[in-house]
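Asker: So I've got this file, model_19.pdb, and it contains PDB, C-alpha atoms, pLDDT in the B column:
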```pdb
ATOM      1  CA  MET F   1     102.344 160.893  90.920  1.00 47.00           C
ATOM      2  CA  LYS F   2     102.814 157.181  91.698  1.00 51.00           C
ATOM      3  CA  PRO F   3     100.425 154.883  89.841  1.00 53.00           C
ATOM      4  CA  VAL F   4      98.716 151.861  91.298  1.00 63.00           C
ATOM      5  CA  MET F   5     100.202 149.072  89.214  1.00 78.00           C
ATOM      6  CA  ALA F   6      98.277 147.749  86.231  1.00 79.00           C
ATOM      7  CA  LEU F   7      97.959 144.041  85.502  1.00 90.00           C
ATOM      8  CA  VAL F   8     100.739 143.490  82.992  1.00 96.00           C
ATOM      9  CA  ASP F   9     101.813 140.059  81.802  1.00 96.00           C
ATOM     10  CA  ILE F  10     105.358 140.314  80.476  1.00 97.00           C
ATOM     11  CA  SER F  11     107.147 137.696  78.420  1.00 97.00           C
ATOM     12  CA  ILE F  12     110.776 138.027  77.394  1.00 98.00           C
ATOM     13  CA  GLU F  13     111.847 136.217  74.239  1.00 98.00           C
ATOM     14  CA  ASP F  14     115.212 137.951  73.742  1.00 97.00           C
ATOM     15  CA  ASP F  15     117.929 137.941  76.403  1.00 97.00           C
ATOM     16  CA  GLY F  16     118.916 141.492  75.433  1.00 97.00           C
ATOM     17  CA  TRP F  17     115.982 142.696  77.503  1.00 98.00           C
ATOM     18  CA  LEU F  18     117.702 141.310  80.600  1.00 97.00           C
ATOM     19  CA  SER F  19     120.286 144.115  80.294  1.00 96.00           C
ATOM     20  CA  ILE F  20     117.731 146.603  81.644  1.00 97.00           C
ATOM     21  CA  ASP F  21     114.890 146.412  84.154  1.00 97.00           C
ATOM     22  CA  PHE F  22     112.406 145.779  81.341  1.00 98.00           C
ATOM     23  CA  GLU F  23     109.630 144.544  83.600  1.00 97.00           C
ATOM     24  CA  ARG F  24     109.774 147.639  85.805  1.00 96.00           C
ATOM     25  CA  LEU F  25     109.824 150.019  82.815  1.00 97.00           C
ATOM     26  CA  VAL F  26     106.873 148.262  81.175  1.00 98.00           C
ATOM     27  CA  GLN F  27     104.897 148.086  84.419  1.00 96.00           C
ATOM     28  CA  GLN F  28     105.441 151.773  85.183  1.00 96.00           C
ATOM     29  CA  ALA F  29     104.626 152.943  81.648  1.00 97.00           C
ATOM     30  CA  CYS F  30     101.425 150.904  81.337  1.00 97.00           C
ATOM     31  CA  SER F  31     100.295 151.889  84.831  1.00 96.00           C
ATOM     32  CA  MET F  32     100.903 155.587  84.216  1.00 96.00           C
ATOM     33  CA  VAL F  33      98.865 155.514  80.986  1.00 97.00           C
ATOM     34  CA  LEU F  34      95.886 154.010  82.803  1.00 96.00           C
ATOM     35  CA  LEU F  35      96.247 156.412  85.729  1.00 94.00           C
ATOM     36  CA  GLN F  36      96.513 159.507  83.521  1.00 94.00           C
ATOM     37  CA  LEU F  37      93.486 158.498  81.464  1.00 95.00           C
ATOM     38  CA  ASN F  38      91.506 157.505  84.571  1.00 93.00           C
ATOM     39  CA  ILE F  39      91.122 153.906  83.409  1.00 93.00           C
ATOM     40  CA  ASP F  40      90.702 151.021  85.846  1.00 89.00           C
ATOM     41  CA  ASN F  41      94.114 149.495  86.601  1.00 88.00           C
ATOM     42  CA  ARG F  42      92.677 145.955  86.647  1.00 88.00           C
ATOM     43  CA  PHE F  43      92.704 145.716  82.860  1.00 92.00           C
ATOM     44  CA  GLN F  44      95.157 143.110  81.552  1.00 95.00           C
ATOM     45  CA  ILE F  45      97.933 144.145  79.146  1.00 97.00           C
ATOM     46  CA  ASN F  46     100.284 141.586  77.584  1.00 98.00           C
ATOM     47  CA  VAL F  47     103.760 142.757  76.590  1.00 98.00           C
ATOM     48  CA  MET F  48     106.344 140.678  74.745  1.00 98.00           C
ATOM     49  CA  GLY F  49     109.985 141.711  74.597  1.00 98.00           C
ATOM     50  CA  CYS F  50     111.252 140.104  71.409  1.00 98.00           C
ATOM     51  CA  ASN F  51     113.895 140.543  68.702  1.00 98.00           C
ATOM     52  CA  ASP F  52     113.925 141.825  65.115  1.00 98.00           C
ATOM     53  CA  LYS F  53     113.224 138.429  63.574  1.00 98.00           C
ATOM     54  CA  ARG F  54     110.122 137.882  65.691  1.00 98.00           C
ATOM     55  CA  ILE F  55     108.744 141.397  65.208  1.00 98.00           C
ATOM     56  CA  LYS F  56     109.445 141.215  61.477  1.00 98.00           C
ATOM     57  CA  ASP F  57     107.405 137.990  61.307  1.00 98.00           C
ATOM     58  CA  LEU F  58     104.565 139.614  63.267  1.00 98.00           C
ATOM     59  CA  ASN F  59     104.683 142.776  61.144  1.00 98.00           C
ATOM     60  CA  SER F  60     104.541 140.680  57.981  1.00 97.00           C
ATOM     61  CA  LYS F  61     101.702 138.492  59.251  1.00 97.00           C
ATOM     62  CA  PHE F  62      99.472 141.229  60.661  1.00 96.00           C
ATOM     63  CA  ARG F  63     100.368 144.328  58.620  1.00 96.00           C
ATOM     64  CA  GLN F  64     101.809 142.791  55.437  1.00 97.00           C
ATOM     65  CA  ILE F  65     104.983 144.843  56.004  1.00 97.00           C
ATOM     66  CA  LYS F  66     108.049 142.666  55.617  1.00 96.00           C
ATOM     67  CA  THR F  67     110.429 144.652  57.825  1.00 98.00           C
ATOM     68  CA  ALA F  68     111.211 144.883  61.512  1.00 98.00           C
ATOM     69  CA  THR F  69     109.792 147.763  63.546  1.00 98.00           C
ATOM     70  CA  ASN F  70     110.094 149.075  67.086  1.00 98.00           C
ATOM     71  CA  VAL F  71     106.682 148.299  68.590  1.00 98.00           C
ATOM     72  CA  LEU F  72     103.422 146.667  67.509  1.00 98.00           C
ATOM     73  CA  SER F  73     100.061 146.723  69.288  1.00 98.00           C
ATOM     74  CA  TRP F  74      96.949 144.583  68.974  1.00 97.00           C
ATOM     75  CA  PRO F  75      93.944 145.978  70.843  1.00 96.00           C
ATOM     76  CA  SER F  76      91.475 143.374  72.082  1.00 94.00           C
ATOM     77  CA  GLN F  77      88.734 145.404  70.415  1.00 92.00           C
ATOM     78  CA  GLU F  78      88.343 148.524  68.293  1.00 92.00           C
ATOM     79  CA  ARG F  79      88.247 151.583  70.523  1.00 93.00           C
ATOM     80  CA  ALA F  80      89.045 154.461  68.140  1.00 92.00           C
ATOM     81  CA  SER F  81      86.918 157.588  68.187  1.00 90.00           C
ATOM     82  CA  LEU F  82      84.727 158.157  65.149  1.00 89.00           C
ATOM     83  CA  LYS F  83      85.623 161.866  65.256  1.00 93.00           C
ATOM     84  CA  LYS F  84      89.015 163.157  64.121  1.00 92.00           C
ATOM     85  CA  GLY F  85      91.165 164.532  66.917  1.00 93.00           C
ATOM     86  CA  LYS F  86      88.855 163.307  69.704  1.00 93.00           C
ATOM     87  CA  SER F  87      89.769 160.910  72.494  1.00 92.00           C
ATOM     88  CA  PRO F  88      88.475 157.368  72.252  1.00 93.00           C
ATOM     89  CA  LYS F  89      85.860 156.291  74.752  1.00 89.00           C
ATOM     90  CA  SER F  90      87.445 154.702  77.815  1.00 89.00           C
ATOM     91  CA  PRO F  91      86.905 150.967  78.210  1.00 91.00           C
ATOM     92  CA  MET F  92      84.628 149.863  81.026  1.00 81.00           C
ATOM     93  CA  PHE F  93      85.892 147.301  83.522  1.00 82.00           C
ATOM     94  CA  ILE F  94      83.323 144.566  84.100  1.00 79.00           C
ATOM     95  CA  GLU F  95      83.633 142.337  87.159  1.00 76.00           C
ATOM     96  CA  HIS F  96      83.978 138.602  86.452  1.00 67.00           C
ATOM     97  CA  LYS F  97      84.659 139.191  82.745  1.00 74.00           C
ATOM     98  CA  GLU F  98      87.852 139.027  80.725  1.00 77.00           C
ATOM     99  CA  ASN F  99      89.065 142.616  80.756  1.00 88.00           C
ATOM    100  CA  GLU F 100      92.014 142.550  78.405  1.00 94.00           C
ATOM    101  CA  LEU F 101      93.182 145.667  76.593  1.00 96.00           C
ATOM    102  CA  GLY F 102      95.429 143.773  74.195  1.00 97.00           C
ATOM    103  CA  ASP F 103      98.982 142.848  73.309  1.00 98.00           C
ATOM    104  CA  ILE F 104     102.184 144.761  72.648  1.00 98.00           C
ATOM    105  CA  ALA F 105     105.387 143.431  71.077  1.00 98.00           C
ATOM    106  CA  ILE F 106     108.627 145.405  71.225  1.00 98.00           C
ATOM    107  CA  SER F 107     111.931 144.533  69.534  1.00 98.00           C
ATOM    108  CA  TYR F 108     115.171 144.794  71.471  1.00 98.00           C
ATOM    109  CA  ASN F 109     117.465 145.012  68.417  1.00 97.00           C
ATOM    110  CA  TYR F 110     115.406 147.658  66.647  1.00 98.00           C
ATOM    111  CA  CYS F 111     114.885 149.767  69.757  1.00 98.00           C
ATOM    112  CA  ILE F 112     118.473 149.798  70.941  1.00 98.00           C
ATOM    113  CA  GLU F 113     119.639 150.930  67.498  1.00 98.00           C
ATOM    114  CA  GLU F 114     116.818 153.487  67.246  1.00 98.00           C
ATOM    115  CA  ALA F 115     117.693 154.936  70.678  1.00 98.00           C
ATOM    116  CA  ARG F 116     121.332 155.221  69.617  1.00 98.00           C
ATOM    117  CA  LEU F 117     120.395 157.015  66.386  1.00 97.00           C
ATOM    118  CA  LEU F 118     118.038 159.369  68.261  1.00 97.00           C
ATOM    119  CA  GLU F 119     120.708 159.925  70.928  1.00 96.00           C
ATOM    120  CA  ARG F 120     118.304 158.999  73.710  1.00 97.00           C
ATOM    121  CA  PRO F 121     118.876 156.770  76.706  1.00 97.00           C
ATOM    122  CA  PHE F 122     117.618 153.266  75.901  1.00 98.00           C
ATOM    123  CA  GLU F 123     115.382 153.045  78.982  1.00 98.00           C
ATOM    124  CA  THR F 124     113.787 156.415  78.176  1.00 97.00           C
ATOM    125  CA  HIS F 125     113.095 155.279  74.628  1.00 98.00           C
ATOM    126  CA  ILE F 126     111.507 152.043  75.871  1.00 98.00           C
ATOM    127  CA  SER F 127     109.241 153.943  78.267  1.00 98.00           C
ATOM    128  CA  HIS F 128     108.088 156.123  75.360  1.00 98.00           C
ATOM    129  CA  LEU F 129     107.398 153.147  73.092  1.00 98.00           C
ATOM    130  CA  VAL F 130     105.452 151.282  75.787  1.00 98.00           C
ATOM    131  CA  VAL F 131     103.347 154.393  76.477  1.00 98.00           C
ATOM    132  CA  HIS F 132     102.816 154.714  72.716  1.00 98.00           C
ATOM    133  CA  GLY F 133     101.803 151.058  72.373  1.00 98.00           C
ATOM    134  CA  THR F 134      99.455 151.229  75.357  1.00 98.00           C
ATOM    135  CA  LEU F 135      97.726 154.282  73.910  1.00 98.00           C
ATOM    136  CA  HIS F 136      97.188 152.295  70.706  1.00 98.00           C
ATOM    137  CA  LEU F 137      95.476 149.579  72.784  1.00 98.00           C
ATOM    138  CA  LEU F 138      93.123 152.287  74.054  1.00 97.00           C
ATOM    139  CA  GLY F 139      92.146 153.460  70.565  1.00 96.00           C
ATOM    140  CA  PHE F 140      94.590 156.311  69.987  1.00 97.00           C
ATOM    141  CA  ASP F 141      96.225 156.545  66.571  1.00 95.00           C
ATOM    142  CA  HIS F 142      98.442 158.831  64.521  1.00 94.00           C
ATOM    143  CA  ILE F 143      97.344 158.259  60.928  1.00 92.00           C
ATOM    144  CA  LEU F 144      95.469 161.572  60.670  1.00 93.00           C
ATOM    145  CA  ASP F 145      97.202 164.780  61.776  1.00 94.00           C
ATOM    146  CA  GLU F 146      94.440 165.642  64.272  1.00 95.00           C
ATOM    147  CA  ASP F 147      94.701 162.216  65.897  1.00 95.00           C
ATOM    148  CA  ALA F 148      98.512 162.354  65.912  1.00 95.00           C
ATOM    149  CA  ARG F 149      98.467 165.691  67.761  1.00 96.00           C
ATOM    150  CA  LEU F 150      96.095 164.287  70.380  1.00 97.00           C
ATOM    151  CA  MET F 151      98.106 161.102  70.846  1.00 97.00           C
ATOM    152  CA  GLU F 152     101.381 163.010  71.111  1.00 97.00           C
ATOM    153  CA  LYS F 153      99.841 165.381  73.668  1.00 97.00           C
ATOM    154  CA  PHE F 154      98.932 162.444  75.901  1.00 97.00           C
ATOM    155  CA  GLU F 155     102.312 160.784  75.350  1.00 98.00           C
ATOM    156  CA  VAL F 156     104.149 163.930  76.420  1.00 98.00           C
ATOM    157  CA  GLU F 157     101.975 164.364  79.549  1.00 98.00           C
ATOM    158  CA  ILE F 158     102.319 160.721  80.583  1.00 98.00           C
ATOM    159  CA  LEU F 159     106.057 160.660  79.936  1.00 98.00           C
ATOM    160  CA  LYS F 160     106.501 163.856  81.952  1.00 98.00           C
ATOM    161  CA  ASN F 161     104.916 162.099  84.941  1.00 97.00           C
ATOM    162  CA  LEU F 162     107.364 159.236  84.405  1.00 97.00           C
ATOM    163  CA  GLY F 163     110.256 161.735  84.481  1.00 96.00           C
ATOM    164  CA  VAL F 164     110.878 161.456  80.729  1.00 97.00           C
ATOM    165  CA  SER F 165     111.345 164.578  78.621  1.00 95.00           C
ATOM    166  CA  ASN F 166     109.314 165.322  75.495  1.00 96.00           C
ATOM    167  CA  PRO F 167     110.527 162.939  72.754  1.00 95.00           C
ATOM    168  CA  TYR F 168     109.148 165.204  70.031  1.00 93.00           C
ATOM    169  CA  GLU F 169     111.422 168.163  70.824  1.00 89.00           C
TER     170      GLU F 169
END
```
How would this structure read if it were set down as C-alpha coordinates?

Answerer:
Amino acid sequence: MKPVMALVDISIEDDGWLSIDFERLVQQACSMVLLQLNIDNRFQINVMGCNDKRIKDLNSKFRQIKTATNVLSWPSQERASLKKGKSPKSPMFIEHKENELGDIAISYNYCIEEARLLERPFETHISHLVVHGTLHLLGFDHILDEDARLMEKFEVEILKNLGVSNPYE
(Lines of atoms letter the chains of each structure in order from A and count residues from 1; the text may use other names and numbers.)
(Lines give C-alpha, C1' and ligand atoms only; values in the text may rest on other atoms or scores of the structure.)
Protein backbone atom coordinates (compact mmCIF):
# COMPACT_ATOMS: atom_id res chain seq x y z
CA MET A 1 0.00 0.00 0.00
CA LYS A 2 1.64 3.26 -1.13
CA PRO A 3 0.27 6.37 0.57
CA VAL A 4 -0.40 9.67 -1.11
CA MET A 5 2.04 11.94 0.67
CA ALA A 6 0.84 14.06 3.57
CA LEU A 7 1.83 17.71 3.97
CA VAL A 8 4.77 17.47 6.34
CA ASP A 9 6.99 20.42 7.19
CA ILE A 10 10.31 19.08 8.44
CA SER A 11 12.99 21.09 10.20
CA ILE A 12 16.35 19.63 11.15
CA GLU A 13 18.14 21.21 14.10
CA ASP A 14 20.75 18.48 14.67
CA ASP A 15 23.16 17.36 11.95
CA GLY A 16 22.95 13.77 13.21
CA TRP A 17 19.67 13.48 11.34
CA LEU A 18 21.58 13.95 8.08
CA SER A 19 23.09 10.47 8.58
CA ILE A 20 19.78 8.90 7.53
CA ASP A 21 17.03 9.85 5.08
CA PHE A 22 15.06 11.50 7.89
CA GLU A 23 12.74 13.43 5.60
CA ARG A 24 11.72 10.30 3.69
CA LEU A 25 11.13 8.29 6.88
CA VAL A 26 9.04 11.06 8.43
CA GLN A 27 7.06 11.65 5.23
CA GLN A 28 6.29 7.94 4.80
CA ALA A 29 5.33 7.40 8.44
CA CYS A 30 3.02 10.42 8.65
CA SER A 31 1.43 9.61 5.29
CA MET A 32 0.80 5.98 6.23
CA VAL A 33 -0.92 6.99 9.49
CA LEU A 34 -3.32 9.27 7.62
CA LEU A 35 -3.94 6.67 4.92
CA GLN A 36 -4.61 3.85 7.39
CA LEU A 37 -7.00 5.98 9.42
CA ASN A 38 -8.70 7.34 6.29
CA ILE A 39 -7.79 10.94 7.13
CA ASP A 40 -7.36 13.59 4.45
CA ASN A 41 -3.68 13.81 3.47
CA ARG A 42 -3.84 17.61 3.14
CA PHE A 43 -3.53 18.12 6.89
CA GLN A 44 -0.28 19.83 7.89
CA ILE A 45 2.12 18.11 10.30
CA ASN A 46 5.28 19.83 11.56
CA VAL A 47 8.21 17.63 12.57
CA MET A 48 11.44 18.85 14.15
CA GLY A 49 14.52 16.66 14.30
CA CYS A 50 16.43 17.98 17.29
CA ASN A 51 18.92 16.88 19.96
CA ASP A 52 18.72 15.95 23.64
CA LYS A 53 19.28 19.49 24.88
CA ARG A 54 16.43 20.89 22.81
CA ILE A 55 13.98 18.10 23.65
CA LYS A 56 14.91 18.32 27.33
CA ASP A 57 14.08 22.05 27.25
CA LEU A 58 10.76 21.34 25.52
CA ASN A 59 9.93 18.50 27.92
CA SER A 60 10.67 20.75 30.88
CA LYS A 61 8.66 23.67 29.49
CA PHE A 62 5.57 21.75 28.40
CA ARG A 63 5.49 18.70 30.69
CA GLN A 64 7.53 19.90 33.68
CA ILE A 65 9.80 16.85 33.22
CA LYS A 66 13.43 17.88 33.33
CA THR A 67 14.88 15.04 31.25
CA ALA A 68 15.34 14.28 27.58
CA THR A 69 12.93 11.90 25.86
CA ASN A 70 12.57 10.30 22.44
CA VAL A 71 9.54 12.06 20.97
CA LEU A 72 7.08 14.78 21.98
CA SER A 73 3.80 15.73 20.30
CA TRP A 74 1.61 18.82 20.50
CA PRO A 75 -1.79 18.38 18.84
CA SER A 76 -3.30 21.56 17.43
CA GLN A 77 -6.47 20.72 19.35
CA GLU A 78 -7.77 18.09 21.76
CA ARG A 79 -9.01 15.08 19.82
CA ALA A 80 -9.09 12.30 22.43
CA SER A 81 -12.14 10.08 22.73
CA LEU A 82 -14.22 10.53 25.86
CA LYS A 83 -14.63 6.74 26.07
CA LYS A 84 -11.81 4.46 27.23
CA GLY A 85 -10.40 2.23 24.52
CA LYS A 86 -12.32 3.95 21.69
CA SER A 87 -10.81 5.67 18.67
CA PRO A 88 -10.83 9.45 18.62
CA LYS A 89 -13.06 11.15 16.10
CA SER A 90 -11.21 11.87 12.87
CA PRO A 91 -10.49 15.52 12.15
CA MET A 92 -12.41 17.11 9.30
CA PHE A 93 -10.50 18.89 6.55
CA ILE A 94 -12.04 22.28 5.79
CA GLU A 95 -11.17 24.03 2.54
CA HIS A 96 -9.55 27.47 2.89
CA LYS A 97 -8.90 26.97 6.61
CA GLU A 98 -5.73 26.20 8.53
CA ASN A 99 -5.80 22.42 8.79
CA GLU A 100 -2.87 21.67 11.05
CA LEU A 101 -2.72 18.49 13.11
CA GLY A 102 0.16 19.69 15.26
CA ASP A 103 3.87 19.42 15.97
CA ILE A 104 6.27 16.59 16.72
CA ALA A 105 9.82 16.87 18.08
CA ILE A 106 12.19 13.91 18.03
CA SER A 107 15.69 13.74 19.54
CA TYR A 108 18.54 12.25 17.56
CA ASN A 109 20.79 11.50 20.56
CA TYR A 110 18.07 9.86 22.61
CA CYS A 111 16.70 7.82 19.72
CA ILE A 112 20.00 6.48 18.45
CA GLU A 113 20.90 5.29 21.95
CA GLU A 114 17.41 3.87 22.51
CA ALA A 115 17.55 1.95 19.21
CA ARG A 116 20.94 0.53 20.19
CA LEU A 117 19.64 -0.59 23.60
CA LEU A 118 16.53 -2.14 22.01
CA GLU A 119 18.70 -3.77 19.33
CA ARG A 120 16.60 -2.30 16.54
CA PRO A 121 17.72 -0.64 13.34
CA PHE A 122 17.75 3.14 13.86
CA GLU A 123 15.56 3.86 10.83
CA THR A 124 12.97 1.30 11.98
CA HIS A 125 12.90 2.88 15.43
CA ILE A 126 12.42 6.36 13.93
CA SER A 127 9.52 5.16 11.78
CA HIS A 128 7.86 3.73 14.90
CA LEU A 129 8.34 6.93 16.91
CA VAL A 130 6.98 9.13 14.10
CA VAL A 131 3.92 6.87 13.76
CA HIS A 132 3.53 7.04 17.54
CA GLY A 133 3.82 10.84 17.58
CA THR A 134 1.39 11.24 14.68
CA LEU A 135 -1.18 9.08 16.45
CA HIS A 136 -0.85 11.37 19.47
CA LEU A 137 -1.66 14.34 17.20
CA LEU A 138 -4.85 12.50 16.24
CA GLY A 139 -5.97 12.00 19.85
CA PHE A 140 -4.60 8.54 20.62
CA ASP A 141 -2.95 8.03 24.00
CA HIS A 142 -1.52 5.30 26.19
CA ILE A 143 -2.16 6.48 29.75
CA LEU A 144 -5.02 4.03 30.35
CA ASP A 145 -4.52 0.35 29.50
CA GLU A 146 -7.55 0.28 27.17
CA ASP A 147 -6.24 3.28 25.23
CA ALA A 148 -2.71 1.86 25.13
CA ARG A 149 -3.97 -1.40 23.59
CA LEU A 150 -5.88 0.52 20.92
CA MET A 151 -2.94 2.79 20.11
CA GLU A 152 -0.52 -0.13 19.94
CA LYS A 153 -2.90 -2.03 17.65
CA PHE A 154 -2.90 0.86 15.18
CA GLU A 155 0.87 1.32 15.49
CA VAL A 156 1.48 -2.34 14.67
CA GLU A 157 -0.88 -2.25 11.65
CA ILE A 158 0.61 0.97 10.28
CA LEU A 159 4.18 -0.19 10.82
CA LYS A 160 3.41 -3.49 9.09
CA ASN A 161 2.35 -1.54 6.00
CA LEU A 162 5.64 0.36 6.20
CA GLY A 163 7.51 -2.97 6.28
CA VAL A 164 8.40 -2.63 9.97
CA SER A 165 7.91 -5.56 12.35
CA ASN A 166 5.92 -5.32 15.58
CA PRO A 167 8.02 -3.29 18.06
CA TYR A 168 6.11 -4.73 21.01
CA GLU A 169 7.21 -8.34 20.43

Asker: For each of F:Met48, F:Val164, F:Met151, F:Ile10, take the minimum atom-to-atom distance to F:Phe122, counting only C-alpha atoms, then give the residue where this is smallest.

Answerer: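 Closest candidate: F:Val164.
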
Asker: Select, from F:Glu98, F:Glu157, F:Glu169, F:Asp147, the residue with the minimum atom-to-atom distance to F:Arg120, counting only C-alpha atoms.

Answerer: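 So, comparing all the options, the nearest one is F:Glu169.
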
Asker: Kindly give the distance, in Å, that separates atom CA of F:Leu18 and atom CA of F:Gly49, rounded to a single decimal.

Answerer: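 Between these atoms lies a distance of 9.8 Å.
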
Asker: Could you tell me which of F:His132, F:Leu137, F:Lys53, F:Val8 comes closest to F:Lys89 if we count all atoms listed in the file?

Answerer: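 Ranking F:His132, F:Leu137, F:Lys53, F:Val8 by distance to F:Lys89, first place goes to F:Leu137.
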
Asker: Could you work out how far atom CA of F:Asn51 lies from atom CA of F:Glu13, giving the answer in Å with one decimal?

Answerer: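 So the two atoms, atom CA of F:Glu13 and atom CA of F:Asn51, lie 7.3 Å apart.
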
Asker: Could you check the closest approach to F:Tyr110 for each of F:Asp145, F:Asp52, F:Asp57, F:Asp14 and tell me which residue wins, using all atoms listed in the file?

Answerer: F:Asp52

Asker: Could you expand the PyMOL selection byres ((chain F and resi 66-70) around 12) into the explicit residues it covers here, written as number ranges by chain?

Answerer: F: 48-65, 71-73, 104-115, 125-126, 128-130, 132-133

Asker: Mind giving me the straight-line distance from atom CA of F:Asp141 to atom CA of F:Phe154 in Å, one decimal?

Answerer: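 Computed distance, atom CA of F:Asp141 to atom CA of F:Phe154, equals 11.4 Å.
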
Asker: For a quick check of understanding, using all atoms listed in the file, which of F:Asn38, F:Asn166, F:Gln44, F:Ser87 has the smallest distance to F:Ala6?

Answerer: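 Among the listed residues, F:Gln44 lies closest to F:Ala6.
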
Asker: As a count of residues only, please: the residues near F:Ile143 (cut-off 12 Å, all atoms listed in the file, same-chain neighbours under 5 positions excluded).

Answerer: 9

Asker: Using all atoms listed in the file, which residues sit within 10 Å of F:Thr134 once same-chain residues fewer than 3 positions away are excluded, as a PDB file with C-alpha atoms, in the frame of the given file?

Answerer:
```pdb
ATOM      1  CA  VAL F  26     106.873 148.262  81.175  1.00 98.00           C
ATOM      2  CA  ALA F  29     104.626 152.943  81.648  1.00 97.00           C
ATOM      3  CA  CYS F  30     101.425 150.904  81.337  1.00 97.00           C
ATOM      4  CA  SER F  31     100.295 151.889  84.831  1.00 96.00           C
ATOM      5  CA  MET F  32     100.903 155.587  84.216  1.00 96.00           C
ATOM      6  CA  VAL F  33      98.865 155.514  80.986  1.00 97.00           C
ATOM      7  CA  LEU F  34      95.886 154.010  82.803  1.00 96.00           C
ATOM      8  CA  ILE F  45      97.933 144.145  79.146  1.00 97.00           C
ATOM      9  CA  ASN F  46     100.284 141.586  77.584  1.00 98.00           C
ATOM     10  CA  VAL F  47     103.760 142.757  76.590  1.00 98.00           C
ATOM     11  CA  LEU F  72     103.422 146.667  67.509  1.00 98.00           C
ATOM     12  CA  SER F  73     100.061 146.723  69.288  1.00 98.00           C
ATOM     13  CA  TRP F  74      96.949 144.583  68.974  1.00 97.00           C
ATOM     14  CA  PRO F  75      93.944 145.978  70.843  1.00 96.00           C
ATOM     15  CA  LEU F 101      93.182 145.667  76.593  1.00 96.00           C
ATOM     16  CA  GLY F 102      95.429 143.773  74.195  1.00 97.00           C
ATOM     17  CA  ASP F 103      98.982 142.848  73.309  1.00 98.00           C
ATOM     18  CA  ILE F 104     102.184 144.761  72.648  1.00 98.00           C
ATOM     19  CA  HIS F 128     108.088 156.123  75.360  1.00 98.00           C
ATOM     20  CA  LEU F 129     107.398 153.147  73.092  1.00 98.00           C
ATOM     21  CA  VAL F 130     105.452 151.282  75.787  1.00 98.00           C
ATOM     22  CA  VAL F 131     103.347 154.393  76.477  1.00 98.00           C
ATOM     23  CA  LEU F 137      95.476 149.579  72.784  1.00 98.00           C
ATOM     24  CA  LEU F 138      93.123 152.287  74.054  1.00 97.00           C
ATOM     25  CA  GLY F 139      92.146 153.460  70.565  1.00 96.00           C
ATOM     26  CA  PHE F 140      94.590 156.311  69.987  1.00 97.00           C
ATOM     27  CA  GLU F 155     102.312 160.784  75.350  1.00 98.00           C
TER      28      GLU F 155
END
```

Asker: Please write the residues picked by the PyMOL selection byres ((chain F and resi 42) around 8) on this file as a PDB file with C-alpha atoms, in the frame of the given file.

Answerer:
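Saved as out_13.pdb:
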```
ATOM      1  CA  ALA F   6      98.277 147.749  86.231  1.00 79.00           C
ATOM      2  CA  LEU F   7      97.959 144.041  85.502  1.00 90.00           C
ATOM      3  CA  ASP F  40      90.702 151.021  85.846  1.00 89.00           C
ATOM      4  CA  ASN F  41      94.114 149.495  86.601  1.00 88.00           C
ATOM      5  CA  PHE F  43      92.704 145.716  82.860  1.00 92.00           C
ATOM      6  CA  GLN F  44      95.157 143.110  81.552  1.00 95.00           C
ATOM      7  CA  PHE F  93      85.892 147.301  83.522  1.00 82.00           C
ATOM      8  CA  ASN F  99      89.065 142.616  80.756  1.00 88.00           C
TER       9      ASN F  99
END
```

Asker: With the input short on atoms, add N, CA and C atoms back to stretch 150-162 of chain F and write it as an mmCIF file, in the coordinates of the input.

Answerer:
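Ended up saving to out-v5.cif:
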```
data_model
loop_
_atom_site.group_PDB
_atom_site.id
_atom_site.type_symbol
_atom_site.label_atom_id
_atom_site.label_comp_id
_atom_site.auth_asym_id
_atom_site.auth_seq_id
_atom_site.Cartn_x
_atom_site.Cartn_y
_atom_site.Cartn_z
ATOM 1 N N LEU F 150 96.714 164.707 69.126
ATOM 2 C CA LEU F 150 96.095 164.287 70.380
ATOM 3 C C LEU F 150 96.925 163.193 71.052
ATOM 4 N N MET F 151 97.330 162.203 70.289
ATOM 5 C CA MET F 151 98.106 161.102 70.846
ATOM 6 C C MET F 151 99.437 161.615 71.400
ATOM 7 N N GLU F 152 100.106 162.465 70.658
ATOM 8 C CA GLU F 152 101.381 163.010 71.111
ATOM 9 C C GLU F 152 101.210 163.840 72.376
ATOM 10 N N LYS F 153 100.105 164.586 72.468
ATOM 11 C CA LYS F 153 99.841 165.381 73.668
ATOM 12 C C LYS F 153 99.765 164.475 74.898
ATOM 13 N N PHE F 154 99.036 163.375 74.779
ATOM 14 C CA PHE F 154 98.932 162.444 75.901
ATOM 15 C C PHE F 154 100.265 161.779 76.188
ATOM 16 N N GLU F 155 100.991 161.392 75.149
ATOM 17 C CA GLU F 155 102.312 160.784 75.350
ATOM 18 C C GLU F 155 103.216 161.707 76.150
ATOM 19 N N VAL F 156 103.275 162.964 75.757
ATOM 20 C CA VAL F 156 104.149 163.930 76.420
ATOM 21 C C VAL F 156 103.748 164.096 77.883
ATOM 22 N N GLU F 157 102.449 164.208 78.167
ATOM 23 C CA GLU F 157 101.975 164.364 79.549
ATOM 24 C C GLU F 157 102.315 163.137 80.392
ATOM 25 N N ILE F 158 102.060 161.964 79.850
ATOM 26 C CA ILE F 158 102.319 160.721 80.583
ATOM 27 C C ILE F 158 103.813 160.560 80.826
ATOM 28 N N LEU F 159 104.612 160.791 79.792
ATOM 29 C CA LEU F 159 106.057 160.660 79.936
ATOM 30 C C LEU F 159 106.610 161.653 80.954
ATOM 31 N N LYS F 160 106.068 162.859 80.973
ATOM 32 C CA LYS F 160 106.501 163.856 81.952
ATOM 33 C C LYS F 160 106.314 163.317 83.369
ATOM 34 N N ASN F 161 105.171 162.670 83.612
ATOM 35 C CA ASN F 161 104.916 162.099 84.941
ATOM 36 C C ASN F 161 105.782 160.886 85.244
ATOM 37 N N LEU F 162 106.399 160.324 84.212
ATOM 38 C CA LEU F 162 107.364 159.236 84.405
ATOM 39 C C LEU F 162 108.791 159.786 84.509
#
```
